[in-house]
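Here the structure comes first, spelled out in structure tokens, and everything after it is commentary.
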Amino acid sequence: MTTLAPADPASIVRAAEILRDGGLVAFPTETVYGLGADATSGWAVARIYDAKSRPSFNPLIAHVSDIDAAQREALLPEAALTLAQAFWPGPLTLVAPAAPGGSVCDLARAGLPSVALRIPDHPVAMALIRAFGRPIAAPSANRSGHVSPVTAAHVAEDLAGRVDMILDGGRTAAGLESTIVSFCADAPTLLRPGAIPREKIEKLLGQKLVAPAHAEVTAPGMTASHYAPNARLRLEAHELIEGEAALDFGGRLSGRAPPGTVTIDLSPNGDLVEAAANLFASLRELDARGVERVAVAHIPERGLGEAINDRLRRAAAPKL
Ligand code: TXA
Ligand code: MG
């Protein structure tokens with residue numbers, strides 16, 4: 001049975017109890033909703049993979065309450081600490097070698113010698129982590145291969161009956177997952193573009209983020225069809241082919257759409273932050289409207305555009 005609960009203090013106490021009992025709680029963060037379990041319990045973490053129907057054990061992000069807690073879990077080098085101080089709480093995930101004696105279980109790390117950590121910038125997420133008192137492992141709260149949820153209703157669509165409680169904190173602000181930077185190789189590596197633009201991180205570090213070495217491209221967010229809606233997407237469209245819906249940006253396509261065309265504009269003003277916040281909800285809406293083919297307008301590859309285009313390319317990739 002899934003309880004859909006308002007994110008009030010009593011529900012948070014109850015949610016922490018569920019986590020202590022090895023249960024699953026979906027909760028809002030500033031990026032997307034997370035599907036949370038006790039990160040220190042392999043059994044609890046296994047329920048996450050099961051609920052999501054994940055085809056493999058991919059490593060999960062452990063959500064912690066403060067930098068001290070992060071340092072108990074990972075050996076954060078100086079540069080990682082600089083990023084933590086600048087961007088936490090916030091949509092940045094740091095991957096670093098797991099600390100000896102760290103509490104995040106092996107399954108949450110998928111057996112890797114490293115661990116992924118972040119402090120979310122959301123009052124409900126923070127209240128839950130504090131009430132629970134241990135790291136919470138949480139991937140995005142969707143079934144494997146579906147788009148990430150930005151409302152409690154999206155979570156319920158995918159996971160009703162598979163999660164013990166959904167804390168409803170309204171729609172998430174960023175609408176795009178955290179940026180993931182790894183400090184496991186010689187140079188800081190951008191494992192996943194996300195809600196913090198690469199440029200901001202590079203500026204602070206005073207160095208470029210490198211691309212992952214081939215062996216690192218195993219993250220589920222990096223498999224070709226991870227963010228797949230049902231509709232087929234045609235990217236970089238300059239015009240509409242008959243029968244297509246339009247996923248627009250800055251009104252580029254709508255002007256040319258025949259009357260009756262299903263059109264969703266990610267940002268009529270051409271604002272990349274607004275487009276990021278609307279992305280997953282828009283993909284879901286296209287599916288809900290039964291659209292089969294979608295022309296997607298060109299999105300500039302700067303700032304959050306890099307992450308948006310990354311998601312769109314995955315959404316457009318042939319399904320496995
Ligand atoms: O915004 C977000 O990051 C959301 C919210 C809920 O915090 N979470 C999220 O989790 O997007 P998930 O599981 O959908 O994506 C986590 C990513 C995966 O691509 C995973 O492979 C990568 O983090 N990851 C986790 N631990 C890792 C590690 N030790 N080494 C490399 N990649 C890791
Ligand atoms: Mg995900």
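Labels for the structure tokens follow display order: chains A, B, ..., residues from 1 in each chain, ligands from 1.
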Please tabulate, as a tab-separated table, the residues of chain A that come within 6 Å of ligand 1, each with its closest pair of atoms and the distance in Å to one decimal, counting only C-alpha atoms and all ligand atoms and ordering rows by chain, then residue number upward.
```
residue	atom	partner	partner_atom_place_in_ligand_line	distance
A:Thr31	CA	ligand 1	1 (O)	4.8
A:Val32	CA	ligand 1	5 (C)	5.4
A:Tyr33	CA	ligand 1	6 (C)	5.3
A:Gly34	CA	ligand 1	6 (C)	3.6
A:Asn58	CA	ligand 1	21 (O)	5.5
A:Pro59	CA	ligand 1	26 (N)	4.2
A:Leu60	CA	ligand 1	25 (C)	4.3
A:Ile61	CA	ligand 1	25 (C)	5.0
A:Val95	CA	ligand 1	29 (N)	5.7
A:Arg109	CA	ligand 1	29 (N)	5.6
A:Leu112	CA	ligand 1	29 (N)	5.9
A:Ser114	CA	ligand 1	29 (N)	4.4
A:Val115	CA	ligand 1	29 (N)	4.2
A:Ala116	CA	ligand 1	26 (N)	4.3
A:Ala138	CA	ligand 1	6 (C)	5.4
A:Pro139	CA	ligand 1	13 (O)	3.2
A:Ser140	CA	ligand 1	14 (O)	4.3
A:Glu177	CA	ligand 1	1 (O)	3.3
A:Ser178	CA	ligand 1	1 (O)	3.8
A:Ala219	CA	ligand 1	21 (O)	3.3
A:Pro220	CA	ligand 1	19 (O)	4.7
A:Gly221	CA	ligand 1	19 (O)	4.2
```
- Item | Close residues, region 85-89 of chain A itself excluded, 9 Å, only C-alpha atoms, min 4 positions apart in chain, as a list in words | Ser65, Asp66, Ile67, Ala80, Leu81, Arg118, Ile119, Pro120, Asp121, His122, Ile196 and Leu204 of chain A
Kindly save the residues from that selection, with C-alpha atoms included, as a PDB file, in the first residue's frame.
```pdb
ATOM      1  CA  SER A  65      22.691  16.397   5.734  1.00  0.00           C
ATOM      2  CA  ASP A  66      26.043  18.197   5.937  1.00  0.00           C
ATOM      3  CA  ILE A  67      29.660  18.224   4.790  1.00  0.00           C
ATOM      4  CA  ALA A  80      35.842  18.470  -4.152  1.00  0.00           C
ATOM      5  CA  LEU A  81      35.537  20.303  -0.844  1.00  0.00           C
ATOM      6  CA  ARG A 118      24.934  15.136  -2.303  1.00  0.00           C
ATOM      7  CA  ILE A 119      23.166  17.516   0.084  1.00  0.00           C
ATOM      8  CA  PRO A 120      19.818  18.424  -1.491  1.00  0.00           C
ATOM      9  CA  ASP A 121      18.523  21.999  -1.294  1.00  0.00           C
ATOM     10  CA  HIS A 122      14.945  21.200  -0.313  1.00  0.00           C
ATOM     11  CA  ILE A 196      24.512  23.242 -12.357  1.00  0.00           C
ATOM     12  CA  LEU A 204      35.434  27.802  -9.483  1.00  0.00           C
TER      13      LEU A 204
END
```
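Shortest separation to Ala39 (chain A) among A:Ile264, A:Val25, A:Ala108, A:Leu304 occurs at residue A:Ala108, atoms counted being only C-alpha atoms.
Distances to Arg72 (chain A) were evaluated for A:Leu117, A:Ala84, A:Ile48, A:Val155 using only C-alpha atoms, and the minimum falls at A:Leu117.
When only C-alpha atoms and all ligand atoms are used to measure the gap to ligand 2, the shortest distance among A:Thr93, A:Asn278, A:Thr263, A:Asn142 belongs to A:Asn142.
When only C-alpha atoms are used to measure the gap to Arg234 (chain A), the shortest distance among A:Ala315, A:Ala26, A:Ile308, A:Val45 belongs to A:Ala315.
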- Name the closest residue to Gly161 (chain A) among the candidates A:Arg284, A:Arg289, A:Arg198, A:Lys52; distances are taken between atoms, counting only C-alpha atoms. A:Lys52
- Message: Report, in Å with one decimal, the straight-line distance from CA of Leu107 (chain A) to CA of Ile136 (chain A).
- Response: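 Spanning CA of Leu107 (chain A) to CA of Ile136 (chain A) is a straight-line distance of 13.0 Å.
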- Task: Pick out each residue of region 43-219 of chain A that DSSP on the backbone tags as helix (DSSP H, G or I); I need them as JSON, numbers by chain.
- Result: {"A": [43, 44, 45, 46, 47, 48, 49, 50, 51, 52, 67, 68, 69, 70, 71, 72, 73, 78, 79, 80, 81, 82, 83, 84, 85, 86, 87, 123, 124, 125, 126, 127, 128, 129, 130, 131, 132, 152, 153, 154, 155, 156, 157, 158, 159, 198, 199, 200, 201, 202, 203, 204, 205, 214, 215, 216]}
